[in-house]
Amino acid sequence: MNQENLLNKIRQKDAKAFTHGGKFHADDIFSSALLLYLNPEIQITRGNQVPEEYDGIVFDIGRGAYDHHQKDSRVRKNGIPYAAFGLLWEELGTEILGEELAEKFDESFVQPLDQNDNTGEKNELASLIGSFNPAWDAKGNHDDAFFHAVSMAGMILESKFERFRGNERADRKIEEILEAHDDAVEEGKCDERILILPEFVPCQKRLSETEIAFVIFPSNRGGYCIQPQKKEFSMNYKCAFPEAWLGLEGEALQKATGLLGAGFCHKGGFLMSTENLEDAVKACEISLKEYVEAPCIVCYGTCDEEVKELLHMLPEMKNVTVHKMPLSEPPEMETDGIYGEVLMEKQEWKKRIKEQVKEILKYKPEAVCVNGNVFSTYPVVHALRKKHVPVLTIIENDEEKLIVRIPSGS
């Protein structure tokens, strides 16, 4: 069935659809929510077998176009198999978000749910949907719980769609603002590193690619907010507020800054407020003048002179400080010949990894270079990647040693 025929079938009067009964999952729940988004009046029925000569839309059962349980079920080019939600989204997504956004939505939202349904790979949203199923010994059918979950999934979809559309509007808006900013910089009207927004626009990712270090925008509480901007692929800011300002407000902050309009500076350094635009700009100028960049890389594991020399050869890292951290000692184990099991409860293990990562991050590194045995390094690398900390490692390529950044999503 092509997109036009499917849409017509969804939107026709007395439209109907059929899916499997019993225990439900995120796949059939979001598939149902998608159909209801396009036609709130469509009647969705559940059962264990598709009725004979059924002329409605059938999904996640029946081995048809929108089922994925057959041996020859489809797989995306990137290797992620389609589930019913993905098969429906492939035909309906463009109608809802347009081609480009539909592809992005598939990648970020649909594919993880498809992967979960096909492989059991952990997914928090899928687990949340699964929790709507009745208890194992509950009496009666599951339909009430099913449609309760569909209702929640519908709200999630609506919010996600609006967020994607909003991000697209923001992307267009920030490009217009940056073009005007570049013109103003060329005319000598403003500092290249300070961007003043007419209103708040989500743009942190885009600005990480520029020289802009601070963004100023009107606060919804009155006055102005200042946000420092992070470097690309880094947790660290291009410029930070002076340490002495952090955590202060009111008179204490006014005294520390010399600015009568200074209102509040968050102890985490990610936000400052002022009563007026002039003082917001001055706060940025003072910060830029006083800031001394001191980049560092934490070398976790093997870190001999050759490794340090390679790290100093990285772009813009000639003067980087390298902090060496040895791998943690192996925990107590129970062994049986050459096989070993860690004698540590799950929570103890998680706490151990958390403490190791905390020790690494106290240096606020530009990146972490990890080298050593997989048992010691893998849990730490995994935790760092979840925090979006750039992780480097050393490999050999044609007998030449290279420092490589482990890609996002690894």
# chains A, B, ... in the order shown; residues from 1 in each chain; ligands from 1
>>> residues_around(residues="Lys205 in chain A", least_positions_apart="2", cutoff="10 Å", atoms="only C-alpha atoms", output="list in words")
Pro202, Cys203, Leu207, Ser208, Glu209, Thr210, Gln229, Lys230, Lys231, Glu232 and Phe233 of chain A
>>> write_last_selection(atoms="N, CA and C atoms", output="mmCIF file, in the first residue's frame")
data_model
loop_
_atom_site.group_PDB
_atom_site.id
_atom_site.type_symbol
_atom_site.label_atom_id
_atom_site.label_comp_id
_atom_site.auth_asym_id
_atom_site.auth_seq_id
_atom_site.Cartn_x
_atom_site.Cartn_y
_atom_site.Cartn_z
ATOM 1 N N PRO A 202 16.526 28.341 21.138
ATOM 2 C CA PRO A 202 17.442 27.218 21.394
ATOM 3 C C PRO A 202 18.472 27.118 20.276
ATOM 4 N N CYS A 203 19.733 27.278 20.612
ATOM 5 C CA CYS A 203 20.765 27.346 19.573
ATOM 6 C C CYS A 203 22.137 26.885 20.040
ATOM 7 N N LEU A 207 25.712 27.155 17.994
ATOM 8 C CA LEU A 207 26.698 28.147 18.427
ATOM 9 C C LEU A 207 28.021 27.514 18.848
ATOM 10 N N SER A 208 27.995 26.220 19.184
ATOM 11 C CA SER A 208 29.254 25.552 19.536
ATOM 12 C C SER A 208 30.206 25.526 18.340
ATOM 13 N N GLU A 209 29.645 25.682 17.131
ATOM 14 C CA GLU A 209 30.455 25.656 15.911
ATOM 15 C C GLU A 209 31.019 27.040 15.572
ATOM 16 N N THR A 210 30.671 28.055 16.365
ATOM 17 C CA THR A 210 31.082 29.434 16.084
ATOM 18 C C THR A 210 32.067 29.933 17.134
ATOM 19 N N GLN A 229 28.649 29.632 26.307
ATOM 20 C CA GLN A 229 28.465 28.594 25.289
ATOM 21 C C GLN A 229 29.625 27.595 25.322
ATOM 22 N N LYS A 230 29.284 26.327 25.158
ATOM 23 C CA LYS A 230 30.304 25.274 25.218
ATOM 24 C C LYS A 230 31.045 25.146 23.893
ATOM 25 N N LYS A 231 32.254 24.645 23.990
ATOM 26 C CA LYS A 231 33.041 24.338 22.802
ATOM 27 C C LYS A 231 32.416 23.142 22.100
ATOM 28 N N GLU A 232 32.675 23.014 20.829
ATOM 29 C CA GLU A 232 32.169 21.875 20.076
ATOM 30 C C GLU A 232 32.824 20.593 20.586
ATOM 31 N N PHE A 233 32.039 19.550 20.773
ATOM 32 C CA PHE A 233 32.518 18.245 21.259
ATOM 33 C C PHE A 233 33.221 18.370 22.614
#
>>> select_by_dssp(residues="range 183-319 of chain A", states="alpha helix (DSSP H)", output="JSON, numbers by chain")
{"A": [183, 184, 185, 186, 204, 205, 206, 207, 250, 251, 252, 253, 254, 255, 256, 257, 277, 278, 279, 280, 281, 282, 283, 284, 285, 286, 287, 288, 289, 290, 305, 306, 307, 308, 309, 310, 311, 312]}
>>> residues_around(residues="Arg76 in chain A", least_positions_apart="3", cutoff="10 Å", atoms="only C-alpha atoms", output="list of chain:residue names")
A:Gly79, A:Ile80, A:Pro81, A:Tyr82, A:Gly86, A:Gln111
>>> residues_around(residues="Cys296 in chain A", least_positions_apart="2", cutoff="9 Å", atoms="only C-alpha atoms", output="ChimeraX atom specification")
/A:294,298,317,319-323,363-367
>>> residues_around(residues="Glu90 in chain A", least_positions_apart="4", cutoff="10 Å", atoms="only C-alpha atoms", output="PyMOL selection string")
chain A and resi 3+82+84-86+94+99+102-103+106+110
>>> closest_residue(among="A:Gly263, A:Pro228, A:Gly188, A:Pro379", to="Ile212 in chain A", atoms="only C-alpha atoms")
A:Pro228
>>> closest_atom_pairs(of="range 118-208 of chain A", to="range 6-22 of chain A", cutoff="9 Å", atoms="only C-alpha atoms", output="tab-separated table")
residue	atom	partner	partner_atom	distance
A:Asn141	CA	A:Gly22	CA	7.5
A:His142	CA	A:Gly22	CA	6.3
A:Asp143	CA	A:Gly21	CA	7.9
>>> closest_residue(among="A:Glu345, A:Val201, A:Phe264, A:Pro295", to="Ala283 in chain A", atoms="only C-alpha atoms")
A:Phe264
>>> atom_distance(atom1="CA of Ser219 in chain A", atom2="CA of Glu275 in chain A")
9.5 Å
>>> residues_around(residues="Ala33 in chain A", least_positions_apart="5", cutoff="7 Å", atoms="only C-alpha atoms", output="PyMOL selection string")
chain A and resi 150+153-154
>>> atom_distance(atom1="CA of Asn39 in chain A", atom2="CA of Glu95 in chain A")
12.9 Å
>>> residues_around(residues="Leu288 in chain A", least_positions_apart="3", cutoff="9 Å", atoms="only C-alpha atoms", output="PyMOL selection string")
chain A and resi 193+213+239-241+283-285+291-292
>>> closest_residue(among="A:Leu392, A:Val58, A:Ala26, A:Val370", to="Glu124 in chain A", atoms="only C-alpha atoms")
A:Ala26
>>> select_by_dssp(residues="range 234-363 of chain A", states="strand (DSSP E)", output="MDAnalysis selection string")
chainID A and resid 262:265 272:274 296:301 321:325 333:336 339:342
>>> write_last_selection(atoms="C-alpha atoms", output="PDB file, in the first residue's frame")
ATOM      1  CA  ALA A 262      23.910  42.355  38.404  1.00  0.00           C
ATOM      2  CA  GLY A 263      21.221  40.047  39.789  1.00  0.00           C
ATOM      3  CA  PHE A 264      22.269  36.419  40.114  1.00  0.00           C
ATOM      4  CA  CYS A 265      25.060  34.078  39.016  1.00  0.00           C
ATOM      5  CA  MET A 272      23.754  34.892  35.062  1.00  0.00           C
ATOM      6  CA  SER A 273      21.058  37.538  35.167  1.00  0.00           C
ATOM      7  CA  THR A 274      21.153  41.338  35.078  1.00  0.00           C
ATOM      8  CA  CYS A 296      43.499  19.609  30.119  1.00  0.00           C
ATOM      9  CA  ILE A 297      43.128  15.996  29.066  1.00  0.00           C
ATOM     10  CA  VAL A 298      42.797  13.149  31.523  1.00  0.00           C
ATOM     11  CA  CYS A 299      44.788  10.113  30.474  1.00  0.00           C
ATOM     12  CA  TYR A 300      43.072   7.113  32.062  1.00  0.00           C
ATOM     13  CA  GLY A 301      45.244   4.021  31.992  1.00  0.00           C
ATOM     14  CA  THR A 321      47.922  19.766  30.701  1.00  0.00           C
ATOM     15  CA  VAL A 322      47.786  15.980  30.826  1.00  0.00           C
ATOM     16  CA  HIS A 323      46.528  14.484  34.093  1.00  0.00           C
ATOM     17  CA  LYS A 324      47.497  10.836  34.542  1.00  0.00           C
ATOM     18  CA  MET A 325      45.054   8.505  36.260  1.00  0.00           C
ATOM     19  CA  MET A 333      36.699 -11.955  42.582  1.00  0.00           C
ATOM     20  CA  GLU A 334      35.582 -15.528  42.919  1.00  0.00           C
ATOM     21  CA  THR A 335      37.606 -17.718  40.577  1.00  0.00           C
ATOM     22  CA  ASP A 336      37.149 -21.169  39.139  1.00  0.00           C
ATOM     23  CA  TYR A 339      37.293 -18.000  35.048  1.00  0.00           C
ATOM     24  CA  GLY A 340      36.442 -15.180  37.432  1.00  0.00           C
ATOM     25  CA  GLU A 341      33.250 -13.482  38.722  1.00  0.00           C
ATOM     26  CA  VAL A 342      33.214 -10.110  40.492  1.00  0.00           C
TER      27      VAL A 342
END
>>> atom_distance(atom1="CA of Ala135 in chain A", atom2="CA of Ile61 in chain A")
23.4 Å
>>> closest_residue(among="A:Glu249, A:Glu53, A:Glu4, A:Asp182", to="Leu92 in chain A", atoms="only C-alpha atoms")
A:Glu4
>>> decode(residues="range 227-268 of chain A", atoms="N, CA and C atoms", output="tab-separated table (two decimals), in the first residue's frame")
chain	number	residue	atom	x	y	z
A	227	GLN	N	24.12	33.32	29.04
A	227	GLN	CA	24.53	31.91	29.06
A	227	GLN	C	25.88	31.76	28.35
A	228	PRO	N	26.89	31.18	29.03
A	228	PRO	CA	28.14	30.86	28.33
A	228	PRO	C	27.92	29.68	27.39
A	229	GLN	N	28.65	29.63	26.31
A	229	GLN	CA	28.47	28.59	25.29
A	229	GLN	C	29.62	27.59	25.32
A	230	LYS	N	29.28	26.33	25.16
A	230	LYS	CA	30.30	25.27	25.22
A	230	LYS	C	31.05	25.15	23.89
A	231	LYS	N	32.25	24.65	23.99
A	231	LYS	CA	33.04	24.34	22.80
A	231	LYS	C	32.42	23.14	22.10
A	232	GLU	N	32.68	23.01	20.83
A	232	GLU	CA	32.17	21.87	20.08
A	232	GLU	C	32.82	20.59	20.59
A	233	PHE	N	32.04	19.55	20.77
A	233	PHE	CA	32.52	18.24	21.26
A	233	PHE	C	33.22	18.37	22.61
A	234	SER	N	32.73	19.24	23.49
A	234	SER	CA	33.37	19.43	24.78
A	234	SER	C	32.32	19.75	25.83
A	235	MET	N	32.65	19.45	27.09
A	235	MET	CA	31.79	19.83	28.21
A	235	MET	C	32.12	21.23	28.69
A	236	ASN	N	33.22	21.80	28.22
A	236	ASN	CA	33.72	23.05	28.77
A	236	ASN	C	33.30	24.27	27.96
A	237	TYR	N	33.21	25.39	28.67
A	237	TYR	CA	32.81	26.63	28.03
A	237	TYR	C	33.98	27.28	27.29
A	238	LYS	N	33.65	28.04	26.25
A	238	LYS	CA	34.67	28.81	25.54
A	238	LYS	C	35.23	29.89	26.46
A	239	CYS	N	34.37	30.41	27.32
A	239	CYS	CA	34.77	31.39	28.33
A	239	CYS	C	33.81	31.21	29.51
A	240	ALA	N	34.31	31.35	30.72
A	240	ALA	CA	33.48	31.17	31.90
A	240	ALA	C	33.42	32.45	32.72
A	241	PHE	N	32.37	32.56	33.53
A	241	PHE	CA	32.29	33.67	34.47
A	241	PHE	C	33.42	33.54	35.49
A	242	PRO	N	33.93	34.64	36.02
A	242	PRO	CA	34.96	34.55	37.07
A	242	PRO	C	34.49	33.69	38.25
A	243	GLU	N	35.39	32.91	38.78
A	243	GLU	CA	35.07	32.01	39.89
A	243	GLU	C	34.44	32.75	41.06
A	244	ALA	N	34.90	33.99	41.31
A	244	ALA	CA	34.42	34.76	42.46
A	244	ALA	C	32.95	35.16	42.33
A	245	TRP	N	32.38	35.08	41.12
A	245	TRP	CA	30.98	35.46	40.94
A	245	TRP	C	30.01	34.32	41.23
A	246	LEU	N	30.50	33.11	41.13
A	246	LEU	CA	29.61	31.94	41.17
A	246	LEU	C	28.88	31.82	42.50
A	247	GLY	N	27.57	31.64	42.43
A	247	GLY	CA	26.76	31.45	43.62
A	247	GLY	C	26.33	32.73	44.30
A	248	LEU	N	26.70	33.89	43.76
A	248	LEU	CA	26.34	35.16	44.39
A	248	LEU	C	25.07	35.74	43.77
A	249	GLU	N	24.41	36.63	44.54
A	249	GLU	CA	23.26	37.35	44.01
A	249	GLU	C	23.12	38.69	44.73
A	250	GLY	N	22.31	39.56	44.17
A	250	GLY	CA	22.03	40.84	44.79
A	250	GLY	C	23.27	41.68	45.05
A	251	GLU	N	23.33	42.26	46.25
A	251	GLU	CA	24.42	43.18	46.59
A	251	GLU	C	25.78	42.50	46.53
A	252	ALA	N	25.84	41.25	46.94
A	252	ALA	CA	27.12	40.53	46.93
A	252	ALA	C	27.66	40.40	45.51
A	253	LEU	N	26.79	40.11	44.56
A	253	LEU	CA	27.21	39.99	43.16
A	253	LEU	C	27.53	41.36	42.58
A	254	GLN	N	26.75	42.38	42.94
A	254	GLN	CA	27.01	43.74	42.46
A	254	GLN	C	28.39	44.22	42.92
A	255	LYS	N	28.74	43.88	44.15
A	255	LYS	CA	30.04	44.27	44.69
A	255	LYS	C	31.16	43.52	43.98
A	256	ALA	N	30.96	42.23	43.73
A	256	ALA	CA	31.99	41.40	43.09
A	256	ALA	C	32.22	41.80	41.63
A	257	THR	N	31.14	42.20	40.94
A	257	THR	CA	31.23	42.52	39.52
A	257	THR	C	31.47	43.99	39.23
A	258	GLY	N	31.06	44.84	40.19
A	258	GLY	CA	31.10	46.27	39.93
A	258	GLY	C	29.95	46.74	39.06
A	259	LEU	N	28.93	45.89	38.92
A	259	LEU	CA	27.79	46.20	38.07
A	259	LEU	C	26.53	46.34	38.93
A	260	LEU	N	25.91	47.52	38.92
A	260	LEU	CA	24.75	47.77	39.76
A	260	LEU	C	23.54	46.94	39.33
A	261	GLY	N	23.53	46.52	38.06
A	261	GLY	CA	22.39	45.76	37.57
A	261	GLY	C	22.57	44.26	37.69
A	262	ALA	N	23.68	43.80	38.26
A	262	ALA	CA	23.91	42.35	38.40
A	262	ALA	C	22.88	41.76	39.36
A	263	GLY	N	22.27	40.64	38.96
A	263	GLY	CA	21.22	40.05	39.79
A	263	GLY	C	21.58	38.73	40.43
A	264	PHE	N	22.05	37.77	39.61
A	264	PHE	CA	22.27	36.42	40.11
A	264	PHE	C	23.26	35.70	39.21
A	265	CYS	N	24.15	34.92	39.79
A	265	CYS	CA	25.06	34.08	39.02
A	265	CYS	C	25.00	32.67	39.60
A	266	HIS	N	24.58	31.73	38.80
A	266	HIS	CA	24.40	30.36	39.29
A	266	HIS	C	25.74	29.76	39.71
A	267	LYS	N	25.70	28.99	40.79
A	267	LYS	CA	26.94	28.39	41.30
A	267	LYS	C	27.57	27.45	40.29
A	268	GLY	N	26.74	26.90	39.36
A	268	GLY	CA	27.28	26.02	38.32
A	268	GLY	C	27.89	26.78	37.16
